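Next up, work24.csv (CSV, N, CA and C atoms):
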```
chain,number,residue,atom,x,y,z
A,1,MET,N,-31.2,11.4,40.2
A,1,MET,CA,-30.0,11.9,40.6
A,1,MET,C,-28.8,11.1,40.1
A,2,LYS,N,-28.9,9.8,40.1
A,2,LYS,CA,-27.9,9.0,39.6
A,2,LYS,C,-27.7,9.2,38.1
A,3,LYS,N,-28.8,9.4,37.4
A,3,LYS,CA,-28.7,9.6,35.9
A,3,LYS,C,-27.9,10.9,35.7
A,4,THR,N,-28.2,11.9,36.4
A,4,THR,CA,-27.5,13.2,36.3
A,4,THR,C,-26.0,13.0,36.6
A,5,ASN,N,-25.7,12.3,37.6
A,5,ASN,CA,-24.3,12.1,37.9
A,5,ASN,C,-23.6,11.3,36.8
A,6,ASP,N,-24.3,10.3,36.2
A,6,ASP,CA,-23.7,9.6,35.1
A,6,ASP,C,-23.4,10.5,33.9
A,7,ILE,N,-24.4,11.3,33.6
A,7,ILE,CA,-24.2,12.2,32.5
A,7,ILE,C,-23.0,13.2,32.7
A,8,ILE,N,-22.9,13.7,33.9
A,8,ILE,CA,-21.8,14.7,34.3
A,8,ILE,C,-20.5,13.9,34.2
A,9,ALA,N,-20.5,12.7,34.7
A,9,ALA,CA,-19.2,11.9,34.6
A,9,ALA,C,-18.8,11.6,33.2
A,10,LEU,N,-19.8,11.3,32.3
A,10,LEU,CA,-19.5,11.1,30.9
A,10,LEU,C,-19.0,12.3,30.2
A,11,MET,N,-19.6,13.5,30.5
A,11,MET,CA,-19.2,14.8,29.9
A,11,MET,C,-17.7,15.1,30.4
A,12,VAL,N,-17.4,14.9,31.6
A,12,VAL,CA,-16.1,15.1,32.1
A,12,VAL,C,-15.1,14.2,31.4
A,13,LEU,N,-15.4,12.9,31.3
A,13,LEU,CA,-14.6,12.0,30.6
A,13,LEU,C,-14.3,12.4,29.1
A,14,VAL,N,-15.4,12.8,28.4
A,14,VAL,CA,-15.3,13.3,27.0
A,14,VAL,C,-14.3,14.5,26.9
A,15,VAL,N,-14.6,15.5,27.8
A,15,VAL,CA,-13.7,16.7,27.8
A,15,VAL,C,-12.3,16.3,28.1
A,16,CYS,N,-12.0,15.5,29.0
A,16,CYS,CA,-10.7,15.1,29.4
A,16,CYS,C,-10.0,14.4,28.2
A,17,SER,N,-10.7,13.5,27.5
A,17,SER,CA,-10.1,12.8,26.4
A,17,SER,C,-9.8,13.7,25.3
A,18,ILE,N,-10.7,14.7,25.0
A,18,ILE,CA,-10.4,15.7,24.0
A,18,ILE,C,-9.2,16.5,24.3
A,19,VAL,N,-9.1,17.0,25.5
A,19,VAL,CA,-7.9,17.7,25.9
A,19,VAL,C,-6.6,16.9,25.8
A,20,ALA,N,-6.7,15.6,26.2
A,20,ALA,CA,-5.5,14.8,26.2
A,20,ALA,C,-5.1,14.5,24.7
A,21,HIS,N,-6.1,14.3,23.8
A,21,HIS,CA,-5.8,14.1,22.4
A,21,HIS,C,-5.2,15.4,21.8
A,22,ALA,N,-5.8,16.5,22.1
A,22,ALA,CA,-5.2,17.8,21.6
A,22,ALA,C,-3.8,18.0,22.1
A,23,GLN,N,-3.5,17.7,23.3
A,23,GLN,CA,-2.1,17.8,23.8
A,23,GLN,C,-1.2,16.8,23.1
A,24,THR,N,-1.6,15.7,22.9
A,24,THR,CA,-0.8,14.7,22.2
A,24,THR,C,-0.5,15.1,20.7
A,25,ASP,N,-1.5,15.7,20.0
A,25,ASP,CA,-1.3,16.1,18.7
A,25,ASP,C,-0.2,17.2,18.6
A,26,LYS,N,-0.2,18.1,19.6
A,26,LYS,CA,0.7,19.2,19.6
A,26,LYS,C,2.2,18.7,19.8
A,27,SER,N,2.3,17.6,20.6
A,27,SER,CA,3.7,17.2,20.9
A,27,SER,C,4.3,16.4,19.7
A,28,ARG,N,3.5,16.0,18.8
A,28,ARG,CA,4.1,15.3,17.6
A,28,ARG,C,4.7,16.2,16.6
A,29,PRO,N,5.9,16.0,16.2
A,29,PRO,CA,6.4,16.9,15.1
A,29,PRO,C,5.7,16.6,13.8
A,30,GLN,N,5.5,17.7,13.1
A,30,GLN,CA,4.8,17.5,11.8
A,30,GLN,C,5.7,16.8,10.8
A,31,ARG,N,5.1,15.8,10.2
A,31,ARG,CA,5.9,15.0,9.2
A,31,ARG,C,5.7,15.7,7.8
A,32,SER,N,6.7,15.5,7.0
A,32,SER,CA,6.6,16.1,5.6
A,32,SER,C,5.7,15.2,4.8
A,33,ILE,N,5.4,15.7,3.6
A,33,ILE,CA,4.6,14.9,2.7
A,33,ILE,C,5.3,13.6,2.3
A,34,ALA,N,6.6,13.7,2.0
A,34,ALA,CA,7.4,12.6,1.6
A,34,ALA,C,7.5,11.6,2.8
A,35,GLU,N,7.7,12.0,4.0
A,35,GLU,CA,7.7,11.1,5.1
A,35,GLU,C,6.4,10.4,5.3
A,36,THR,N,5.3,11.1,5.2
A,36,THR,CA,4.0,10.5,5.4
A,36,THR,C,3.7,9.4,4.3
A,37,LEU,N,4.0,9.8,3.0
A,37,LEU,CA,3.8,8.8,1.9
A,37,LEU,C,4.7,7.6,2.1
A,38,ASP,N,6.0,7.9,2.5
A,38,ASP,CA,6.9,6.8,2.6
A,38,ASP,C,6.5,5.8,3.7
A,39,SER,N,5.9,6.4,4.8
A,39,SER,CA,5.4,5.5,5.9
A,39,SER,C,4.2,4.7,5.4
A,40,TRP,N,3.4,5.2,4.6
A,40,TRP,CA,2.2,4.5,4.0
A,40,TRP,C,2.8,3.4,3.1
A,41,ILE,N,3.7,3.7,2.2
A,41,ILE,CA,4.3,2.7,1.3
A,41,ILE,C,5.0,1.6,2.0
A,42,THR,N,5.7,1.9,3.1
A,42,THR,CA,6.3,0.9,3.9
A,42,THR,C,5.3,0.0,4.5
A,43,THR,N,4.2,0.5,5.0
A,43,THR,CA,3.1,-0.4,5.6
A,43,THR,C,2.6,-1.3,4.5
A,44,VAL,N,2.3,-0.8,3.3
A,44,VAL,CA,1.8,-1.7,2.2
A,44,VAL,C,2.9,-2.7,1.9
A,45,GLU,N,4.1,-2.3,1.8
A,45,GLU,CA,5.2,-3.2,1.4
A,45,GLU,C,5.4,-4.3,2.4
A,46,ARG,N,5.2,-4.0,3.7
A,46,ARG,CA,5.4,-5.0,4.8
A,46,ARG,C,4.2,-6.1,4.7
A,47,HIS,N,3.2,-5.8,4.1
A,47,HIS,CA,2.1,-6.7,3.9
A,47,HIS,C,2.1,-7.5,2.6
A,48,VAL,N,2.4,-6.8,1.5
A,48,VAL,CA,2.4,-7.4,0.2
A,48,VAL,C,3.5,-8.3,-0.1
A,49,VAL,N,4.8,-7.9,0.2
A,49,VAL,CA,5.9,-8.7,-0.1
A,49,VAL,C,5.9,-10.0,0.6
A,50,PRO,N,5.7,-10.1,1.9
A,50,PRO,CA,5.6,-11.4,2.6
A,50,PRO,C,4.4,-12.2,2.1
A,51,ALA,N,3.3,-11.6,1.7
A,51,ALA,CA,2.2,-12.4,1.2
A,51,ALA,C,2.5,-13.0,-0.2
A,52,ALA,N,3.2,-12.2,-1.0
A,52,ALA,CA,3.6,-12.7,-2.3
A,52,ALA,C,4.6,-13.8,-2.2
A,53,ASP,N,5.5,-13.7,-1.2
A,53,ASP,CA,6.6,-14.7,-1.0
A,53,ASP,C,6.0,-16.0,-0.3
A,54,ALA,N,5.0,-15.8,0.5
A,54,ALA,CA,4.4,-17.0,1.1
A,54,ALA,C,3.6,-17.9,0.2
A,55,MET,N,3.1,-17.3,-0.9
A,55,MET,CA,2.3,-18.1,-1.9
A,55,MET,C,3.3,-19.1,-2.6
A,56,PRO,N,3.0,-20.4,-2.5
A,56,PRO,CA,3.8,-21.3,-3.2
A,56,PRO,C,3.8,-21.1,-4.8
A,57,GLU,N,5.0,-21.3,-5.4
A,57,GLU,CA,5.1,-21.0,-6.8
A,57,GLU,C,4.1,-21.7,-7.6
A,58,ASP,N,3.7,-22.9,-7.3
A,58,ASP,CA,2.7,-23.6,-8.1
A,58,ASP,C,1.3,-23.0,-8.0
A,59,LYS,N,1.1,-22.1,-7.0
A,59,LYS,CA,-0.2,-21.4,-6.9
A,59,LYS,C,-0.2,-20.0,-7.5
A,60,TYR,N,0.9,-19.6,-8.1
A,60,TYR,CA,0.9,-18.3,-8.7
A,60,TYR,C,0.0,-18.2,-9.9
A,61,ALA,N,-0.4,-19.3,-10.4
A,61,ALA,CA,-1.3,-19.3,-11.6
A,61,ALA,C,-2.8,-19.3,-11.1
A,62,PHE,N,-3.0,-19.3,-9.8
A,62,PHE,CA,-4.4,-19.4,-9.3
A,62,PHE,C,-5.2,-18.2,-9.7
A,63,ALA,N,-6.4,-18.5,-10.2
A,63,ALA,CA,-7.5,-17.5,-10.4
A,63,ALA,C,-8.8,-18.3,-10.1
A,64,PRO,N,-9.7,-17.6,-9.4
A,64,PRO,CA,-11.0,-18.3,-9.2
A,64,PRO,C,-11.6,-18.7,-10.5
A,65,ASP,N,-12.3,-19.9,-10.5
A,65,ASP,CA,-12.9,-20.4,-11.7
A,65,ASP,C,-14.4,-20.1,-11.6
A,66,GLN,N,-15.1,-20.4,-12.7
A,66,GLN,CA,-16.5,-20.2,-12.8
A,66,GLN,C,-17.3,-20.8,-11.7
A,67,ALA,N,-16.8,-21.9,-11.2
A,67,ALA,CA,-17.6,-22.6,-10.1
A,67,ALA,C,-17.7,-21.7,-8.9
A,68,CYS,N,-16.8,-20.8,-8.7
A,68,CYS,CA,-16.9,-19.9,-7.6
A,68,CYS,C,-17.8,-18.7,-7.8
A,69,GLY,N,-18.3,-18.5,-9.0
A,69,GLY,CA,-19.1,-17.3,-9.2
A,69,GLY,C,-18.7,-16.6,-10.5
A,70,GLU,N,-18.9,-15.3,-10.6
A,70,GLU,CA,-18.6,-14.5,-11.8
A,70,GLU,C,-17.2,-14.0,-11.7
A,71,PHE,N,-16.3,-14.9,-12.2
A,71,PHE,CA,-14.9,-14.5,-12.1
A,71,PHE,C,-14.2,-14.6,-13.5
A,72,LYS,N,-15.0,-14.5,-14.5
A,72,LYS,CA,-14.4,-14.6,-15.9
A,72,LYS,C,-13.4,-13.5,-16.2
A,73,GLY,N,-12.2,-13.9,-16.6
A,73,GLY,CA,-11.2,-12.9,-17.0
A,73,GLY,C,-10.5,-12.2,-15.8
A,74,VAL,N,-10.6,-12.7,-14.6
A,74,VAL,CA,-9.9,-12.1,-13.5
A,74,VAL,C,-8.4,-12.4,-13.6
A,75,ARG,N,-7.6,-11.6,-13.0
A,75,ARG,CA,-6.1,-11.9,-13.0
A,75,ARG,C,-5.8,-13.1,-12.1
A,76,THR,N,-4.7,-13.7,-12.5
A,76,THR,CA,-4.1,-14.8,-11.6
A,76,THR,C,-3.4,-14.1,-10.5
A,77,PHE,N,-3.0,-14.8,-9.5
A,77,PHE,CA,-2.3,-14.2,-8.4
A,77,PHE,C,-1.0,-13.6,-8.9
A,78,ALA,N,-0.3,-14.2,-9.8
A,78,ALA,CA,0.9,-13.6,-10.4
A,78,ALA,C,0.6,-12.3,-11.1
A,79,GLN,N,-0.4,-12.3,-11.9
A,79,GLN,CA,-0.8,-11.1,-12.6
A,79,GLN,C,-1.2,-10.0,-11.7
A,80,GLN,N,-1.8,-10.3,-10.5
A,80,GLN,CA,-2.2,-9.3,-9.6
A,80,GLN,C,-1.0,-8.7,-8.9
A,81,VAL,N,0.0,-9.5,-8.6
A,81,VAL,CA,1.2,-9.0,-7.9
A,81,VAL,C,2.0,-8.1,-9.0
A,82,LYS,N,2.0,-8.6,-10.2
A,82,LYS,CA,2.7,-7.8,-11.2
A,82,LYS,C,1.9,-6.5,-11.5
A,83,HIS,N,0.6,-6.5,-11.4
A,83,HIS,CA,-0.2,-5.3,-11.6
A,83,HIS,C,0.2,-4.3,-10.5
A,84,LEU,N,0.2,-4.7,-9.3
A,84,LEU,CA,0.6,-3.8,-8.2
A,84,LEU,C,2.0,-3.2,-8.4
A,85,ALA,N,2.9,-4.1,-8.8
A,85,ALA,CA,4.3,-3.6,-9.0
A,85,ALA,C,4.4,-2.7,-10.1
A,86,ALA,N,3.7,-3.0,-11.2
A,86,ALA,CA,3.7,-2.1,-12.4
A,86,ALA,C,3.1,-0.7,-12.0
A,87,ASN,N,2.1,-0.7,-11.2
A,87,ASN,CA,1.5,0.6,-10.7
A,87,ASN,C,2.6,1.3,-9.8
A,88,ASN,N,3.3,0.6,-9.0
A,88,ASN,CA,4.4,1.3,-8.2
A,88,ASN,C,5.4,1.9,-9.1
A,89,TYR,N,5.9,1.2,-10.1
A,89,TYR,CA,6.8,1.7,-11.0
A,89,TYR,C,6.3,2.9,-11.8
A,90,GLY,N,5.0,2.8,-12.2
A,90,GLY,CA,4.3,3.9,-12.9
A,90,GLY,C,4.2,5.1,-12.1
A,91,ILE,N,3.8,5.0,-10.9
A,91,ILE,CA,3.7,6.1,-10.0
A,91,ILE,C,5.1,6.8,-9.7
A,92,ALA,N,6.1,5.9,-9.5
A,92,ALA,CA,7.4,6.4,-9.3
A,92,ALA,C,7.9,7.2,-10.6
A,93,ALA,N,7.6,6.8,-11.7
A,93,ALA,CA,7.9,7.5,-13.0
A,93,ALA,C,7.2,8.8,-13.0
A,94,LEU,N,5.9,8.8,-12.7
A,94,LEU,CA,5.2,10.1,-12.7
A,94,LEU,C,5.7,11.1,-11.7
A,95,ILE,N,6.1,10.6,-10.5
A,95,ILE,CA,6.7,11.5,-9.5
A,95,ILE,C,8.0,12.1,-9.9
A,96,THR,N,8.8,11.3,-10.6
A,96,THR,CA,10.1,11.8,-11.0
A,96,THR,C,10.1,12.5,-12.4
A,97,GLY,N,9.0,12.5,-13.0
A,97,GLY,CA,8.9,13.2,-14.3
A,97,GLY,C,9.4,12.4,-15.5
A,98,ARG,N,9.5,11.1,-15.3
A,98,ARG,CA,9.9,10.2,-16.4
A,98,ARG,C,8.7,9.7,-17.1
A,99,GLU,N,8.9,9.2,-18.3
A,99,GLU,CA,7.8,8.6,-19.1
A,99,GLU,C,7.6,7.2,-18.6
A,100,ARG,N,6.3,6.8,-18.4
A,100,ARG,CA,6.0,5.5,-18.0
A,100,ARG,C,6.2,4.5,-19.2
A,101,THR,N,6.7,3.3,-18.9
A,101,THR,CA,6.8,2.3,-20.0
A,101,THR,C,5.4,1.8,-20.3
A,102,THR,N,5.3,1.2,-21.5
A,102,THR,CA,4.0,0.6,-21.9
A,102,THR,C,3.5,-0.4,-20.8
A,103,ASP,N,4.3,-1.2,-20.3
A,103,ASP,CA,3.9,-2.2,-19.4
A,103,ASP,C,3.5,-1.6,-18.0
A,104,THR,N,4.0,-0.5,-17.7
A,104,THR,CA,3.5,0.2,-16.4
A,104,THR,C,2.3,1.0,-16.7
A,105,ALA,N,2.2,1.6,-17.9
A,105,ALA,CA,1.0,2.4,-18.2
A,105,ALA,C,-0.2,1.5,-18.3
A,106,ASN,N,-0.1,0.3,-18.9
A,106,ASN,CA,-1.2,-0.6,-18.9
A,106,ASN,C,-1.3,-1.6,-17.7
A,107,GLU,N,-0.4,-1.4,-16.8
A,107,GLU,CA,-0.4,-2.0,-15.5
A,107,GLU,C,-0.3,-3.5,-15.5
A,108,THR,N,0.4,-4.0,-16.5
A,108,THR,CA,0.6,-5.5,-16.6
A,108,THR,C,2.0,-6.0,-16.2
A,109,GLY,N,3.0,-5.1,-16.2
A,109,GLY,CA,4.3,-5.5,-16.0
A,109,GLY,C,4.9,-6.2,-17.2
A,110,PRO,N,6.2,-6.3,-17.3
A,110,PRO,CA,6.8,-6.9,-18.5
A,110,PRO,C,6.4,-8.4,-18.7
A,111,ASP,N,6.3,-8.8,-19.9
A,111,ASP,CA,5.9,-10.2,-20.2
A,111,ASP,C,7.1,-11.1,-19.8
A,112,SER,N,8.3,-10.6,-19.8
A,112,SER,CA,9.4,-11.5,-19.5
A,112,SER,C,9.5,-11.9,-18.0
A,113,VAL,N,8.7,-11.2,-17.1
A,113,VAL,CA,8.7,-11.5,-15.7
A,113,VAL,C,7.6,-12.6,-15.5
A,114,ARG,N,8.0,-13.8,-15.3
A,114,ARG,CA,7.0,-14.9,-15.2
A,114,ARG,C,7.1,-15.8,-14.0
A,115,THR,N,8.3,-16.1,-13.6
A,115,THR,CA,8.5,-17.1,-12.4
A,115,THR,C,8.2,-16.3,-11.1
A,116,LYS,N,8.0,-17.1,-10.1
A,116,LYS,CA,7.9,-16.5,-8.7
A,116,LYS,C,9.1,-15.6,-8.4
A,117,ALA,N,10.3,-16.2,-8.6
A,117,ALA,CA,11.5,-15.4,-8.3
A,117,ALA,C,11.6,-14.1,-9.1
A,118,GLU,N,11.2,-14.1,-10.3
A,118,GLU,CA,11.2,-12.9,-11.2
A,118,GLU,C,10.2,-11.9,-10.7
A,119,ILE,N,9.0,-12.4,-10.3
A,119,ILE,CA,7.9,-11.6,-9.8
A,119,ILE,C,8.3,-11.0,-8.5
A,120,MET,N,8.9,-11.8,-7.6
A,120,MET,CA,9.4,-11.2,-6.3
A,120,MET,C,10.4,-10.1,-6.5
A,121,GLU,N,11.3,-10.3,-7.4
A,121,GLU,CA,12.4,-9.3,-7.7
A,121,GLU,C,11.7,-8.1,-8.2
A,122,TYR,N,10.7,-8.2,-9.1
A,122,TYR,CA,10.0,-7.1,-9.7
A,122,TYR,C,9.2,-6.3,-8.7
A,123,VAL,N,8.5,-7.0,-7.8
A,123,VAL,CA,7.7,-6.3,-6.8
A,123,VAL,C,8.6,-5.6,-5.8
A,124,LYS,N,9.7,-6.3,-5.4
A,124,LYS,CA,10.6,-5.6,-4.4
A,124,LYS,C,11.2,-4.4,-5.0
A,125,GLY,N,11.6,-4.5,-6.3
A,125,GLY,CA,12.2,-3.4,-7.0
A,125,GLY,C,11.2,-2.2,-7.2
A,126,SER,N,10.0,-2.6,-7.3
A,126,SER,CA,8.9,-1.5,-7.5
A,126,SER,C,8.8,-0.7,-6.2
A,127,PHE,N,8.9,-1.4,-5.1
A,127,PHE,CA,8.8,-0.6,-3.8
A,127,PHE,C,10.0,0.2,-3.6
A,128,THR,N,11.2,-0.3,-4.0
A,128,THR,CA,12.4,0.5,-3.9
A,128,THR,C,12.3,1.8,-4.8
A,129,ALA,N,11.8,1.6,-6.0
A,129,ALA,CA,11.7,2.7,-6.9
A,129,ALA,C,10.7,3.8,-6.3
A,130,LEU,N,9.6,3.3,-5.7
A,130,LEU,CA,8.6,4.2,-5.2
A,130,LEU,C,9.2,4.9,-3.9
A,131,HIS,N,9.9,4.2,-3.1
A,131,HIS,CA,10.5,4.9,-1.9
A,131,HIS,C,11.5,6.0,-2.4
A,132,GLU,N,12.3,5.7,-3.4
A,132,GLU,CA,13.3,6.7,-4.0
A,132,GLU,C,12.5,7.9,-4.6
A,133,ALA,N,11.5,7.6,-5.3
A,133,ALA,CA,10.7,8.7,-5.9
A,133,ALA,C,10.1,9.6,-4.9
A,134,VAL,N,9.5,9.0,-3.9
A,134,VAL,CA,8.8,9.8,-2.9
A,134,VAL,C,9.8,10.6,-2.0
A,135,ALA,N,11.0,10.1,-1.9
A,135,ALA,CA,12.0,10.8,-1.1
A,135,ALA,C,12.3,12.1,-1.8
A,136,MET,N,12.1,12.2,-3.1
A,136,MET,CA,12.4,13.4,-3.9
A,136,MET,C,11.3,14.5,-3.8
A,137,ILE,N,10.2,14.1,-3.3
A,137,ILE,CA,9.0,15.1,-3.3
A,137,ILE,C,9.3,16.4,-2.6
A,138,ASP,N,9.8,16.3,-1.4
A,138,ASP,CA,10.1,17.6,-0.7
A,138,ASP,C,11.3,18.3,-1.1
A,139,LYS,N,12.1,17.7,-2.0
A,139,LYS,CA,13.4,18.3,-2.4
A,139,LYS,C,13.2,19.1,-3.7
A,140,ARG,N,12.0,19.1,-4.2
A,140,ARG,CA,11.7,19.9,-5.4
A,140,ARG,C,11.4,21.3,-5.1
```
How does this structure look as C-alpha coordinates?
Amino acid sequence: MKKTNDIIALMVLVVCSIVAHAQTDKSRPQRSIAETLDSWITTVERHVVPAADAMPEDKYAFAPDQACGEFKGVRTFAQQVKHLAANNYGIAALITGRERTTDTANETGPDSVRTKAEIMEYVKGSFTALHEAVAMIDKR
(Lines of atoms letter the chains of each structure in order from A and count residues from 1; the text may use other names and numbers.)
(Lines give C-alpha, C1' and ligand atoms only; values in the text may rest on other atoms or scores of the structure.)
Protein backbone atom coordinates (compact mmCIF):
# COMPACT_ATOMS: atom_id res chain seq x y z
CA MET A 1 0.00 0.00 0.00
CA LYS A 2 2.82 2.39 0.85
CA LYS A 3 4.42 1.78 -2.53
CA THR A 4 1.14 2.65 -4.27
CA ASN A 5 0.81 5.85 -2.23
CA ASP A 6 4.38 6.80 -3.12
CA ILE A 7 3.73 6.25 -6.83
CA ILE A 8 0.51 8.30 -6.71
CA ALA A 9 2.28 11.10 -4.82
CA LEU A 10 5.07 11.10 -7.41
CA MET A 11 2.57 11.23 -10.29
CA VAL A 12 0.73 14.16 -8.67
CA LEU A 13 4.03 15.97 -8.17
CA VAL A 14 5.03 15.44 -11.82
CA VAL A 15 1.64 16.63 -13.11
CA CYS A 16 1.72 19.71 -10.88
CA SER A 17 5.22 20.63 -11.99
CA ILE A 18 4.25 20.23 -15.66
CA VAL A 19 1.20 22.47 -15.16
CA ALA A 20 3.29 25.06 -13.29
CA HIS A 21 5.92 25.04 -16.01
CA ALA A 22 3.31 25.43 -18.74
CA GLN A 23 1.74 28.38 -16.93
CA THR A 24 5.13 30.01 -16.47
CA ASP A 25 5.93 29.68 -20.17
CA LYS A 26 2.65 31.36 -21.15
CA SER A 27 3.30 34.35 -18.91
CA ARG A 28 6.67 35.15 -20.50
CA PRO A 29 6.52 37.50 -23.45
CA GLN A 30 8.02 36.04 -26.60
CA ARG A 31 11.42 37.52 -27.34
CA SER A 32 12.46 38.40 -30.84
CA ILE A 33 15.32 36.64 -32.59
CA ALA A 34 17.49 39.74 -32.15
CA GLU A 35 16.72 39.92 -28.41
CA THR A 36 17.48 36.25 -27.94
CA LEU A 37 20.77 36.43 -29.83
CA ASP A 38 21.77 39.63 -28.06
CA SER A 39 21.14 37.97 -24.71
CA TRP A 40 23.38 35.07 -25.68
CA ILE A 41 26.11 37.45 -26.94
CA THR A 42 25.92 39.42 -23.68
CA THR A 43 26.37 36.23 -21.66
CA VAL A 44 29.45 35.26 -23.66
CA GLU A 45 30.82 38.81 -23.44
CA ARG A 46 30.42 38.85 -19.65
CA HIS A 47 32.63 35.78 -19.42
CA VAL A 48 35.21 36.38 -22.14
CA VAL A 49 36.11 40.04 -21.62
CA PRO A 50 36.84 39.74 -17.87
CA ALA A 51 38.82 36.53 -18.45
CA ALA A 52 40.92 38.19 -21.15
CA ASP A 53 41.44 41.20 -18.92
CA ALA A 54 42.39 39.07 -15.91
CA MET A 55 45.21 37.33 -17.77
CA PRO A 56 48.48 39.14 -17.06
CA GLU A 57 50.06 40.66 -20.16
CA ASP A 58 53.20 38.53 -19.80
CA LYS A 59 50.99 35.41 -20.04
CA TYR A 60 49.30 36.42 -23.31
CA ALA A 61 52.00 34.45 -25.15
CA PHE A 62 51.13 31.26 -23.23
CA ALA A 63 50.49 28.10 -25.20
CA PRO A 64 50.81 24.57 -23.83
CA ASP A 65 54.13 23.00 -24.74
CA GLN A 66 54.96 19.48 -25.86
CA ALA A 67 55.57 18.40 -22.27
CA CYS A 68 51.84 18.76 -21.65
CA GLY A 69 50.84 16.44 -24.50
CA GLU A 70 49.98 16.84 -28.17
CA PHE A 71 49.76 20.62 -28.46
CA LYS A 72 51.93 21.31 -31.49
CA GLY A 73 50.76 24.40 -33.32
CA VAL A 74 48.01 25.46 -30.89
CA ARG A 75 47.17 29.13 -30.52
CA THR A 76 48.58 31.26 -27.75
CA PHE A 77 46.14 32.88 -25.36
CA ALA A 78 46.43 36.14 -27.31
CA GLN A 79 45.79 34.37 -30.61
CA GLN A 80 42.75 32.62 -29.15
CA VAL A 81 41.22 35.89 -27.95
CA LYS A 82 41.93 37.50 -31.34
CA HIS A 83 40.39 34.44 -33.05
CA LEU A 84 37.17 34.87 -31.08
CA ALA A 85 37.09 38.62 -31.78
CA ALA A 86 37.78 38.09 -35.49
CA ASN A 87 34.87 35.64 -35.57
CA ASN A 88 32.63 38.22 -33.91
CA TYR A 89 33.60 40.84 -36.49
CA GLY A 90 33.15 38.32 -39.30
CA ILE A 91 29.68 37.31 -38.14
CA ALA A 92 28.71 40.97 -37.74
CA ALA A 93 29.83 41.61 -41.33
CA LEU A 94 27.81 38.65 -42.61
CA ILE A 95 24.69 39.80 -40.74
CA THR A 96 24.94 43.33 -42.11
CA GLY A 97 25.76 42.19 -45.64
CA ARG A 98 29.28 43.60 -45.66
CA GLU A 99 32.33 41.83 -47.02
CA ARG A 100 34.52 40.18 -44.38
CA THR A 101 38.10 41.36 -44.23
CA THR A 102 40.87 38.83 -44.83
CA ASP A 103 41.81 38.74 -41.15
CA THR A 104 38.21 38.04 -40.12
CA ALA A 105 37.69 35.46 -42.86
CA ASN A 106 40.78 33.54 -41.77
CA GLU A 107 39.87 34.21 -38.10
CA THR A 108 43.27 35.57 -37.07
CA GLY A 109 42.54 39.25 -36.53
CA PRO A 110 44.86 41.99 -37.72
CA ASP A 111 48.62 41.50 -37.37
CA SER A 112 48.88 45.03 -35.97
CA VAL A 113 46.93 44.01 -32.84
CA ARG A 114 49.60 42.60 -30.54
CA THR A 115 49.63 44.04 -27.02
CA LYS A 116 47.15 43.16 -24.30
CA ALA A 117 45.65 46.67 -24.51
CA GLU A 118 45.23 46.38 -28.29
CA ILE A 119 43.72 42.91 -27.99
CA MET A 120 41.33 44.07 -25.25
CA GLU A 121 40.20 46.98 -27.43
CA TYR A 122 39.79 44.61 -30.38
CA VAL A 123 37.72 42.05 -28.46
CA LYS A 124 35.50 44.72 -26.84
CA GLY A 125 34.96 46.34 -30.23
CA SER A 126 34.03 42.96 -31.70
CA PHE A 127 31.25 42.50 -29.18
CA THR A 128 30.00 46.03 -29.87
CA ALA A 129 29.94 45.28 -33.61
CA LEU A 130 28.10 42.03 -32.99
CA HIS A 131 25.49 43.68 -30.73
CA GLU A 132 24.89 46.37 -33.38
CA ALA A 133 24.58 43.83 -36.18
CA VAL A 134 22.19 41.58 -34.26
CA ALA A 135 20.01 44.60 -33.39
CA MET A 136 19.40 44.99 -37.14
CA ILE A 137 18.08 41.45 -37.65
CA ASP A 138 14.43 42.14 -36.83
CA LYS A 139 14.48 45.45 -38.69
CA ARG A 140 15.04 43.88 -42.08
Which is closest to Tyr89 in chain A among A:Asp65, A:Lys116, A:His47, A:Gly125, if we use all atoms listed in the file?
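Residue with the minimum atom-to-atom distance to Tyr89 in chain A: A:Gly125.
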Interatomic distance (Å, one decimal) between atom N of Met120 in chain A and atom C of Glu70 in chain A:
26.5 Å
Residue neighbourhood Thr115 in chain A, 8 Å, all atoms listed in the file, exclusion window fewer than 3 positions, as a list in words:
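Listed by chain and then number, they are Glu57, Tyr60, Ala78, Ser112, Glu118, Ile119, Met120 and Glu121 of chain A.
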What does the distance between CA of Ala51 in chain A and CA of Thr76 in chain A come to in Å, to one decimal place?
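So the answer is 14.5 Å.
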Within 12 Å of (1.3, 5.3, -0.8) (coordinates as in the file), grab all the protein and nucleic acid residues, counting only C-alpha atoms, and write them out as JSON, numbers by chain.
{"A": [33, 34, 35, 36, 37, 38, 39, 40, 41, 42, 43, 44, 45, 84, 87, 88, 91, 92, 95, 127, 130, 131, 133, 134]}
Once DSSP has gone over the backbone, tell me which residues of range 15-134 of chain A are in helix (DSSP H, G or I), as a PyMOL selection string.
chain A and resi 15-27+33-54+57-59+66-68+77-96+102-105+116-134
Straight-line distance linking CA of Asp103 in chain A with CA of Ala52 in chain A, stated in Å to one decimal:
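These two atoms are separated by 20.1 Å.
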Pick from A:Met55, A:Ala86, A:Ala61, A:Lys139: nearest to Pro110 in chain A, with all atoms listed in the file counted?
A:Ala86
